[in-house]
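Heads up, work_12.cif below (mmCIF, C-alpha atoms):
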data_my_file
#
loop_
_atom_site.label_atom_id
_atom_site.label_comp_id
_atom_site.auth_asym_id
_atom_site.auth_seq_id
_atom_site.Cartn_x
_atom_site.Cartn_y
_atom_site.Cartn_z
CA MET A 18 112.30 99.83 124.99
CA ILE A 19 108.57 99.13 124.92
CA VAL A 20 106.73 97.87 121.83
CA GLY A 21 102.98 98.42 121.68
CA ILE A 22 100.53 96.42 119.56
CA PRO A 23 97.04 97.92 119.66
CA LYS A 24 93.96 96.22 118.30
CA GLU A 25 93.14 97.09 114.70
CA ILE A 26 90.31 99.60 114.49
CA LYS A 27 89.71 99.85 110.77
CA THR A 28 86.28 98.45 109.94
CA ALA A 29 86.35 94.69 109.17
CA GLU A 30 90.11 94.41 109.70
CA GLN A 31 90.79 91.03 111.32
CA ARG A 32 94.58 90.83 111.09
CA VAL A 33 97.03 91.54 113.89
CA ALA A 34 100.46 93.11 113.48
CA MET A 35 102.35 90.28 115.20
CA THR A 36 101.64 86.70 116.15
CA PRO A 37 102.85 85.06 119.39
CA ALA A 38 105.84 83.58 117.53
CA ASN A 39 106.94 87.10 116.59
CA ILE A 40 106.50 88.32 120.17
CA GLN A 41 109.10 85.79 121.23
CA PHE A 42 111.60 87.51 118.92
CA LEU A 43 111.03 90.83 120.70
CA THR A 44 111.14 89.48 124.25
CA ASP A 45 114.32 87.59 123.44
CA LYS A 46 115.90 90.98 122.67
CA GLY A 47 114.87 92.23 126.10
CA LEU A 48 112.01 94.39 124.85
CA LYS A 49 108.76 94.72 126.75
CA VAL A 50 105.64 94.14 124.66
CA LEU A 51 102.32 95.76 125.53
CA PHE A 52 99.54 93.94 123.70
CA GLN A 53 95.93 95.13 123.64
CA THR A 54 93.46 92.53 124.90
CA ASN A 55 91.79 90.55 122.09
CA ALA A 56 93.90 92.18 119.38
CA GLY A 57 94.67 88.75 117.90
CA THR A 58 91.38 86.99 118.59
CA ALA A 59 89.78 87.61 115.19
CA ALA A 60 92.87 86.20 113.49
CA GLY A 61 92.82 83.03 115.59
CA TYR A 62 95.50 83.99 118.12
CA PRO A 63 94.11 84.08 121.70
CA ASP A 64 95.49 86.32 124.43
CA ALA A 65 96.87 83.32 126.34
CA GLU A 66 99.34 82.62 123.54
CA TYR A 67 100.65 86.19 123.71
CA THR A 68 101.14 86.09 127.46
CA ALA A 69 102.91 82.75 127.11
CA ALA A 70 105.28 84.41 124.65
CA GLY A 71 106.04 87.15 127.17
CA ALA A 72 103.66 89.96 126.24
CA THR A 73 101.85 92.04 128.84
CA LEU A 74 98.13 92.50 128.18
CA SER A 75 96.40 95.85 128.47
CA GLU A 76 92.74 96.65 127.90
CA ASP A 77 93.57 100.34 127.68
CA ARG A 78 94.54 101.51 124.17
CA ALA A 79 95.61 104.88 125.58
CA GLU A 80 98.03 103.13 127.94
CA ILE A 81 99.69 101.39 125.00
CA PHE A 82 100.15 104.64 123.10
CA SER A 83 101.36 106.50 126.18
CA GLN A 84 103.99 103.93 127.15
CA ALA A 85 105.21 102.37 123.90
CA ASP A 86 108.29 103.65 122.10
CA ILE A 87 107.31 101.71 118.97
CA ILE A 88 103.73 101.14 117.80
CA LEU A 89 103.10 98.24 115.40
CA GLN A 90 99.92 98.21 113.29
CA VAL A 91 98.49 96.58 110.21
CA GLN A 92 96.34 99.49 108.98
CA SER A 93 97.94 102.64 110.31
CA PHE A 94 97.56 106.33 109.49
CA GLY A 95 96.77 106.87 105.81
CA SER A 96 95.66 103.31 105.27
CA ASN A 97 93.01 103.88 107.93
CA ASN A 98 91.70 107.39 107.29
CA LYS A 99 88.20 106.95 108.69
CA ASN A 100 88.69 106.35 112.39
CA SER A 101 92.34 106.90 113.31
CA ASP A 102 92.09 110.48 114.57
CA ASP A 103 92.08 109.34 118.20
CA ASP A 104 95.27 107.35 117.62
CA LEU A 105 96.90 110.35 115.96
CA ALA A 106 96.02 112.54 118.94
CA MET A 107 97.84 110.09 121.24
CA LEU A 108 101.12 110.13 119.30
CA ARG A 109 104.01 111.83 121.00
CA PRO A 110 107.38 113.22 119.85
CA GLY A 111 110.03 110.57 119.32
CA GLN A 112 107.56 107.72 119.01
CA LEU A 113 107.91 105.34 116.04
CA VAL A 114 104.88 103.93 114.20
CA ILE A 115 105.25 101.08 111.72
CA GLY A 116 102.45 99.79 109.49
CA MET A 117 100.72 100.05 106.15
CA MET A 118 99.96 103.72 105.45
CA ASP A 119 99.04 103.90 101.76
CA PRO A 120 101.60 106.71 101.49
CA LEU A 121 101.35 107.32 97.74
CA ALA A 122 97.59 107.83 97.89
CA SER A 123 97.47 109.44 101.35
CA PRO A 124 100.69 111.46 101.76
CA GLY A 125 98.91 113.82 104.14
CA ALA A 126 99.10 111.14 106.81
CA ALA A 127 102.90 111.38 106.78
CA GLN A 128 102.65 115.12 107.33
CA ALA A 129 100.21 114.57 110.20
CA VAL A 130 102.64 112.19 111.93
CA ALA A 131 105.54 114.57 111.30
CA ASP A 132 103.55 117.41 112.84
CA LYS A 133 103.33 115.34 116.04
CA GLY A 134 107.11 114.96 116.08
CA ALA A 135 106.83 111.20 115.61
CA THR A 136 108.49 108.88 113.09
CA ALA A 137 106.56 106.72 110.61
CA ILE A 138 107.66 103.74 108.53
CA ALA A 139 105.30 102.85 105.68
CA LEU A 140 105.69 99.17 104.88
CA GLU A 141 104.30 99.52 101.35
CA LEU A 142 107.50 101.37 100.43
CA VAL A 143 109.88 98.51 101.24
CA PRO A 144 112.09 98.42 98.11
CA ARG A 145 111.93 95.38 95.90
CA ILE A 146 115.49 94.25 96.40
CA SER A 147 116.76 90.81 97.36
CA ARG A 148 117.56 91.50 101.00
CA ALA A 149 114.17 93.14 101.56
CA GLN A 150 112.06 90.29 100.20
CA SER A 151 111.27 88.98 103.68
CA MET A 152 109.95 92.45 104.64
CA ASP A 153 107.71 92.86 101.57
CA VAL A 154 104.17 93.03 102.96
CA LEU A 155 102.67 93.85 99.56
CA SER A 156 103.90 90.57 98.11
CA SER A 157 102.82 88.62 101.19
CA MET A 158 99.30 90.02 101.14
CA ALA A 159 99.02 89.77 97.35
CA THR A 160 99.85 86.06 97.53
CA LEU A 161 96.84 85.47 99.76
CA ALA A 162 94.58 87.79 97.76
CA GLY A 163 95.34 85.89 94.55
CA TYR A 164 94.53 82.57 96.19
CA LYS A 165 91.31 83.84 97.76
CA ALA A 166 90.13 85.51 94.55
CA VAL A 167 89.99 82.13 92.81
CA LEU A 168 87.90 80.68 95.62
CA MET A 169 85.56 83.67 95.41
CA GLY A 170 85.17 83.15 91.69
CA ALA A 171 84.58 79.43 92.12
CA SER A 172 81.95 80.08 94.78
CA ALA A 173 80.08 82.63 92.67
CA ALA A 174 80.22 80.65 89.42
CA PRO A 175 77.41 78.27 88.44
CA ARG A 176 79.93 75.69 87.24
CA ILE A 177 82.81 73.66 88.68
CA PHE A 178 86.42 74.21 87.68
CA PRO A 179 87.73 70.72 86.75
CA LEU A 180 86.94 68.38 83.89
CA LEU A 181 84.67 65.67 85.27
CA MET A 182 83.62 62.51 83.47
CA THR A 183 80.49 61.02 85.06
CA ALA A 184 77.71 58.56 84.24
CA ALA A 185 75.56 61.62 83.64
CA GLY A 186 77.94 62.99 81.04
CA THR A 187 81.20 64.89 80.75
CA LEU A 188 81.51 68.25 82.49
CA GLN A 189 83.86 70.57 80.66
CA PRO A 190 86.46 72.46 82.70
CA ALA A 191 85.95 76.14 83.43
CA ARG A 192 87.97 78.66 81.49
CA VAL A 193 89.69 81.17 83.75
CA LEU A 194 91.47 84.35 82.66
CA ILE A 195 93.82 86.23 84.99
CA MET A 196 94.42 89.86 83.98
CA GLY A 197 97.49 91.37 85.59
CA VAL A 198 100.17 88.87 86.57
CA GLY A 199 102.05 90.26 89.51
CA VAL A 200 102.28 88.29 92.75
CA ALA A 201 98.49 88.08 93.15
CA GLY A 202 97.95 87.14 89.53
CA LEU A 203 100.54 84.38 89.55
CA GLN A 204 99.06 82.89 92.72
CA ALA A 205 95.61 83.07 91.12
CA CYS A 206 96.93 81.24 88.05
CA ALA A 207 98.46 78.50 90.17
CA THR A 208 95.35 78.10 92.33
CA ALA A 209 92.94 77.97 89.39
CA LYS A 210 95.20 75.42 87.69
CA ARG A 211 95.24 73.24 90.81
CA LEU A 212 91.44 73.32 90.83
CA GLY A 213 91.45 71.92 87.30
CA ALA A 214 90.52 74.96 85.22
CA VAL A 215 91.88 75.86 81.80
CA VAL A 216 93.89 78.95 82.74
CA GLU A 217 95.02 81.84 80.56
CA ALA A 218 96.72 85.00 81.76
CA TYR A 219 97.50 88.42 80.38
CA ASP A 220 99.93 91.07 81.52
CA VAL A 221 101.15 94.11 79.65
CA ARG A 222 104.75 93.45 80.74
CA PRO A 223 106.68 91.21 78.30
CA ALA A 224 108.69 89.76 81.19
CA ALA A 225 105.51 88.20 82.58
CA ARG A 226 105.26 85.64 79.77
CA GLU A 227 107.74 83.17 81.26
CA GLN A 228 106.24 83.62 84.72
CA ILE A 229 102.78 82.77 83.38
CA ILE A 230 104.06 79.59 81.75
CA SER A 231 105.93 78.63 84.92
CA VAL A 232 102.66 78.32 86.89
CA GLY A 233 100.92 76.25 84.21
CA ALA A 234 98.89 78.95 82.50
CA LYS A 235 98.81 79.98 78.86
CA PRO A 236 99.90 83.54 78.06
CA VAL A 237 97.48 85.70 76.07
CA GLU A 238 99.49 87.64 73.51
CA LEU A 239 98.06 90.75 71.88
CA ASP A 240 99.40 92.79 68.99
CA LEU A 241 100.58 95.73 71.11
CA ASP A 242 103.86 97.59 71.62
CA THR A 243 104.71 96.80 75.25
CA GLY A 244 108.38 97.73 75.26
CA GLU A 245 107.90 100.57 77.77
CA SER A 246 105.26 98.87 79.89
CA GLU A 247 107.25 98.09 83.03
CA GLY A 248 108.09 100.69 85.65
CA ALA A 249 110.12 100.76 88.84
CA GLY A 250 109.93 97.78 91.17
CA GLY A 251 108.53 95.48 88.48
CA TYR A 252 105.11 97.11 88.50
CA ALA A 253 103.20 97.84 85.31
CA LYS A 254 103.61 101.44 84.19
CA GLU A 255 100.54 103.61 83.66
CA GLN A 256 99.67 103.62 79.95
CA GLY A 257 98.13 106.26 77.68
CA GLU A 258 94.51 106.12 76.56
CA ASP A 259 95.40 105.14 72.98
CA PHE A 260 97.22 102.05 74.23
CA LEU A 261 94.42 101.14 76.62
CA SER A 262 91.75 101.59 73.94
CA ARG A 263 93.56 99.24 71.56
CA GLN A 264 94.16 96.77 74.39
CA ARG A 265 90.43 96.66 75.25
CA GLU A 266 89.51 96.16 71.61
CA LEU A 267 91.79 93.13 71.27
CA MET A 268 90.78 91.69 74.64
CA THR A 269 87.06 91.64 73.84
CA ALA A 270 87.34 88.43 71.83
CA VAL A 271 89.44 86.84 74.60
CA VAL A 272 87.07 87.63 77.48
CA ALA A 273 84.05 86.42 75.52
CA GLU A 274 85.40 82.86 75.84
CA GLN A 275 85.95 82.95 79.61
CA ASP A 276 83.85 81.66 82.50
CA ILE A 277 85.76 83.43 85.28
CA ILE A 278 87.94 86.52 85.01
CA ILE A 279 90.16 87.72 87.85
CA THR A 280 91.65 91.19 87.47
CA THR A 281 94.62 92.30 89.58
CA ALA A 282 96.11 95.27 87.71
CA ALA A 283 96.97 98.03 90.17
CA ILE A 284 99.32 101.01 89.93
CA PRO A 285 100.71 102.25 93.27
CA GLY A 286 99.15 105.56 94.23
CA ALA A 287 96.98 105.79 91.10
CA LYS A 288 93.56 104.75 89.90
CA SER A 289 93.44 101.23 88.51
CA PRO A 290 93.29 100.99 84.72
CA ILE A 291 90.04 99.85 83.12
CA LEU A 292 90.73 96.48 81.51
CA VAL A 293 87.15 95.22 81.17
CA THR A 294 84.70 97.70 79.66
CA GLU A 295 80.94 97.40 79.79
CA ASP A 296 80.98 96.37 76.11
CA MET A 297 83.31 93.54 77.03
CA VAL A 298 80.97 92.46 79.83
CA VAL A 299 78.10 92.40 77.32
CA ALA A 300 80.18 90.04 75.16
CA MET A 301 80.73 87.58 78.03
CA LYS A 302 78.74 84.39 78.57
CA PRO A 303 75.69 84.54 80.85
CA GLY A 304 76.68 83.23 84.26
CA SER A 305 80.29 84.37 83.93
CA VAL A 306 82.04 85.87 86.94
CA ILE A 307 84.51 88.74 87.34
CA VAL A 308 86.51 89.07 90.56
CA ASP A 309 88.06 92.54 90.61
CA LEU A 310 90.95 92.64 93.08
CA ALA A 311 91.60 96.26 92.09
CA ALA A 312 88.20 97.38 93.38
CA GLU A 313 89.71 99.50 96.16
CA ARG A 314 91.56 101.58 93.56
CA GLY A 315 88.52 102.16 91.35
CA GLY A 316 88.47 98.71 89.76
CA ASN A 317 89.65 97.15 86.51
CA CYS A 318 86.07 96.69 85.32
CA ASP A 319 83.78 99.55 84.30
CA LEU A 320 80.94 98.10 86.35
CA THR A 321 82.79 97.22 89.56
CA GLU A 322 81.38 98.67 92.77
CA GLN A 323 83.77 98.64 95.72
CA GLY A 324 82.65 96.30 98.47
CA LYS A 325 79.65 95.06 96.50
CA THR A 326 78.57 92.22 94.21
CA VAL A 327 76.61 93.37 91.18
CA VAL A 328 75.01 91.48 88.32
CA ALA A 329 75.07 93.20 84.95
CA HIS A 330 74.26 91.74 81.53
CA GLY A 331 74.09 88.30 83.13
CA VAL A 332 77.62 88.58 84.56
CA THR A 333 78.37 88.59 88.31
CA ILE A 334 80.99 91.19 89.24
CA LEU A 335 82.65 91.04 92.66
CA GLY A 336 84.39 94.13 94.07
CA PRO A 337 85.94 92.77 97.28
CA GLU A 338 87.70 94.93 99.87
CA ASN A 339 90.68 93.96 102.00
CA VAL A 340 90.79 90.37 100.77
CA PRO A 341 93.84 89.31 102.87
CA SER A 342 91.88 90.08 106.05
CA GLU A 343 89.54 87.21 105.17
CA LEU A 344 92.51 84.87 105.63
CA ALA A 345 93.51 86.59 108.84
CA TYR A 346 95.38 83.70 110.48
CA HIS A 347 97.93 83.20 107.73
CA ALA A 348 97.87 86.86 106.70
CA SER A 349 98.91 87.79 110.24
CA GLN A 350 101.58 85.09 110.21
CA MET A 351 103.09 86.49 107.01
CA TYR A 352 102.68 90.13 108.04
CA GLY A 353 104.20 89.44 111.44
CA LYS A 354 107.24 87.81 109.85
CA ASN A 355 107.65 90.80 107.50
CA MET A 356 107.46 93.11 110.52
CA GLN A 357 109.89 90.98 112.52
CA THR A 358 112.47 91.06 109.74
CA LEU A 359 112.22 94.83 109.46
CA LEU A 360 112.62 95.20 113.22
CA ALA A 361 115.70 92.99 113.07
CA LEU A 362 117.17 95.59 110.71
CA ILE A 363 116.41 98.66 112.82
CA LEU A 364 117.00 97.23 116.31
CA ASN A 365 120.51 96.41 117.44
CA ASP A 366 121.51 93.40 119.53
CA GLU A 367 120.67 95.27 122.73
CA GLY A 368 117.14 96.01 121.51
CA GLU A 369 117.85 99.71 120.89
CA LEU A 370 116.39 101.55 117.91
CA ASN A 371 119.00 102.27 115.25
CA LEU A 372 117.66 104.05 112.16
CA ASP A 373 120.48 104.24 109.64
CA PHE A 374 119.38 106.54 106.82
CA ASN A 375 122.32 105.35 104.72
CA ASP A 376 120.48 102.05 104.40
CA GLU A 377 118.21 102.12 101.36
CA ILE A 378 115.47 100.19 103.16
CA VAL A 379 115.35 102.74 105.97
CA ALA A 380 115.65 105.70 103.60
CA GLY A 381 112.98 104.25 101.35
CA THR A 382 110.37 103.56 104.03
CA VAL A 383 110.63 106.38 106.58
CA VAL A 384 108.00 108.93 105.55
CA ALA A 385 108.07 111.13 108.67
CA HIS A 386 110.86 111.81 111.15
CA GLN A 387 111.41 114.40 113.88
CA GLY A 388 108.98 116.88 112.42
CA ASN A 389 110.20 116.47 108.85
CA ILE A 390 109.29 114.55 105.69
CA PRO A 391 112.58 112.91 104.61
CA HIS A 392 111.16 110.82 101.75
CA PRO A 393 111.72 112.62 98.40
CA HIS A 394 108.65 111.24 96.65
CA ILE A 395 106.31 111.92 99.56
CA ARG A 396 107.69 115.48 99.70
CA LYS A 397 106.89 115.85 96.01
CA LEU A 398 103.34 114.59 96.53
CA LEU A 399 102.90 117.09 99.35
CA GLY A 400 104.25 119.94 97.24
CA LEU A 401 107.29 120.43 99.47
CA ALA A 402 110.65 121.63 98.25
CA GLU A 403 113.40 119.11 97.58
CA ILE A 404 115.82 118.50 100.42
CA SER A 405 119.27 119.93 99.75
CA VAL A 406 122.34 117.73 99.95
CA ASP A 407 123.33 119.18 103.33
CA GLU A 408 119.85 118.71 104.79
CA SER A 409 119.61 115.10 103.57
CA GLU A 410 122.81 114.04 105.34
CA GLN A 411 121.16 112.39 108.31
CA GLU A 412 123.13 110.59 110.98
CA THR A 413 122.12 107.29 112.44
CA VAL A 414 119.41 107.79 115.06
CA ALA A 415 119.64 105.76 118.26
CA THR A 416 117.03 105.53 121.00
CA GLU A 417 118.07 104.10 124.35
CA SER A 418 115.91 101.26 125.61
CA ASN A 419 113.69 101.88 128.63
#

This structure in structure tokens:
Amino acid sequence: MIVGIPKEIKTAEQRVAMTPANIQFLTDKGLKVLFQTNAGTAAGYPDAEYTAAGATLSEDRAEIFSQADIILQVQSFGSNNKNSDDDLAMLRPGQLVIGMMDPLASPGAAQAVADKGATAIALELVPRISRAQSMDVLSSMATLAGYKAVLMGASAAPRIFPLLMTAAGTLQPARVLIMGVGVAGLQACATAKRLGAVVEAYDVRPAAREQIISVGAKPVELDLDTGESEGAGGYAKEQGEDFLSRQRELMTAVVAEQDIIITTAAIPGAKSPILVTEDMVVAMKPGSVIVDLAAERGGNCDLTEQGKTVVAHGVTILGPENVPSELAYHASQMYGKNMQTLLALILNDEGELNLDFNDEIVAGTVVAHQGNIPHPHIRKLLGLAEISVDESEQETVATESN
């Protein structure tokens, strides 16, 4: 069995799918690893460390795709829609591709892989169950995004975060509001608190209150009915316009008191909800900063522009893209561990591929297989008919090692 790790080709992507420590896991199983030259350089992992771990270097991307049985990527088909056509053309029947694929927003990528006769595992679909926690790339990357967002806000703000008593007078601490308290939001709360800010946080899900308190922040509580606000996997459920309108009205007074606002509210496969309207921006203090981590999904702020920093009504609004890539060393370390744990599930002790569709992790993440789309939700997004009971009874798939 040969595992191929090509260099990431999405613009500005600095992460690598596996670090040298993860390569050791594969070689210990008797697998051969083909690693594209300089694929880890931007993340701080030189080629020499990969060869020391047992990988074979190749400068030829086509060689990796032609020889590898399994291709490991960070931004794969669907997640990288702009320049992955050449990679798609090199896929062959029976090959397995694992990576982030943005399957809920780009289901057509699953169909494209299926049309090539290849198999695709979309890591964003790893179910949020206890035994899959160490495979959860979304949580890993969100942890780093939440941390980095606070540093971005601190850098853009004209004030410091902590209380400081000096001979020149007392400097009051910055007030920081985190909107959306999933993994990224909680990390943002904890980071802002460590920097000395007065931290408040808001999330539509009632269950988030205790989590907010646990990281040292104060929960913002609005007079809203939030009983049906949480959906599958612990994510916030998309709300109606009446709810959102009332929410914005009540939040206006809250945001007016803040120096830095970090928004993290995202709904998988859907446009991000608007939490900060232009009227709310007008009400904010001059010199305030908004860091919109939902910019890639349309943004939580009316005035966010993806990939840009804008100043409106005296407020600086950051719309960063691919924030985890800016912390590529540790992002790759976490991503590689997530990938390694998944591979430990689907490779047997002899290093042979063993896809057991009776396992909910396998069934929940495989979006293309042997010319078909086995994932019910992806089929629905593509407008395909539901799979009958007989058709869905898939046996374990084994691939002999080469």

Measuring between all atoms listed in the file, which one of A:Gly304, A:Gly388, A:Gly61, A:Gly381 shows the shortest distance to A:Arg176?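 For A:Arg176, the nearest of the candidates is A:Gly304.
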
Two-atom distance - atom CA of A:Gly368, atom CA of A:Tyr352 (Å):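 Atom CA of A:Tyr352 lies at a distance of 20.6 Å from atom CA of A:Gly368.
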
Run the PyMOL selection byres ((chain A and resi 165-173) around 10) against the file shown and list the residues it catches, as an NGL selection string. :A and (159-164 or 174-178 or 191 or 193 or 195 or 201-202 or 204-210 or 212 or 276-281 or 304-310 or 326 or 333-335 or 337 or 340-341 or 343-344)

All residues 7 Å or closer to stretch 93-103 of chain A, only C-alpha atoms, same chain fewer than 3 positions away omitted, as a PyMOL selection string: chain A and resi 27+90+106-107+116-120+123+126

For each of A:Ala70, A:Val379, A:Val221, A:Met351, take the minimum atom-to-atom distance to A:Ala283, counting all atoms listed in the file, then give the residue where this is smallest.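 Ranking A:Ala70, A:Val379, A:Val221, A:Met351 by distance to A:Ala283, first place goes to A:Val221.
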
Any idea what's packed within 10 Å of A:Ile146, counting all atoms listed in the file, ignoring anything in its chain fewer than 4 positions away? Could you give it as a PDB file with C-alpha atoms, in the coordinates of the input?
ATOM      1  CA  GLN A 150     112.060  90.290 100.200  1.00  0.00           C
ATOM      2  CA  SER A 151     111.270  88.980 103.680  1.00  0.00           C
ATOM      3  CA  ASP A 153     107.710  92.860 101.570  1.00  0.00           C
ATOM      4  CA  GLY A 250     109.930  97.780  91.170  1.00  0.00           C
ATOM      5  CA  GLU A 377     118.210 102.120 101.360  1.00  0.00           C
ATOM      6  CA  ILE A 378     115.470 100.190 103.160  1.00  0.00           C
TER       7      ILE A 378
END

Around (100.5, 104.1, 125.2) in the file's frame, which residues reach within 10 Å when counting only C-alpha atoms? Return as a PyMOL selection string? chain A and resi 19-23+51+75+77-88+104+107-109

Between A:Ile40, A:Ala234, A:Leu399, A:Val154, which one has atoms that come closest to A:Leu142, using only C-alpha atoms?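 Checking each of A:Ile40, A:Ala234, A:Leu399, A:Val154 against A:Leu142, counting only C-alpha atoms, the winner is A:Val154.
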
Select, from A:Ala345, A:Ala29, A:Ala312, A:Met301, the residue with the minimum atom-to-atom distance to A:Gly331, counting all atoms listed in the file. A:Met301

A:Glu313 surroundings by only C-alpha atoms, 10 Å radius, close-in-sequence under 5 positions cut, as a count of residues only: 11

Take the PyMOL selection byres ((chain A and resi 236) around 10), run it mentally on this structure, and tell me the resulting residues as JSON, numbers by chain. {"A": [194, 195, 216, 217, 218, 219, 220, 225, 226, 227, 228, 229, 230, 233, 234, 235, 237, 238, 239]}

Point-to-point distance from atom CA of A:Met18 to atom CA of A:Leu113, Å rounded to tenths: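 Between atom CA of A:Met18 and atom CA of A:Leu113 the gap is 11.4 Å.
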
Starting from 5 Å padding per side, set up an axis-aligned box that covers all listed atoms of stretch 111-118 of chain A and hand over centre and edge lengths in Å, one decimal, as AutoDock Vina command-line options.
--center_x 105.0 --center_y 105.2 --center_z 112.4 --size_x 20.1 --size_y 20.8 --size_z 23.9

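Residue nearest A:Leu360 within the list A:Gly134, A:Gly286, A:Met35, A:Thr294: A:Met35 [criterion: smallest interatomic distance, all atoms listed in the file].
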
Looking at all atoms listed in the file, which of A:Pro393, A:Ser231, A:Gln357, A:Arg314 is the one that sits closest to A:Gln41?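 For A:Gln41, the nearest of the candidates is A:Gln357.
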
Per-residue nearest contacts of stretch 313-419 of chain A to stretch 261-272 of chain A (12 Å; only C-alpha atoms) as CSV:
residue,atom,partner,partner_atom,distance
A:Asn317,CA,A:Arg265,CA,11.3
A:Cys318,CA,A:Arg265,CA,11.0
A:Asp319,CA,A:Arg265,CA,11.6
A:Val332,CA,A:Val272,CA,11.8

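Distance-wise, atom CA of A:Glu274 and atom CA of A:Glu258 end up 25.0 Å apart.
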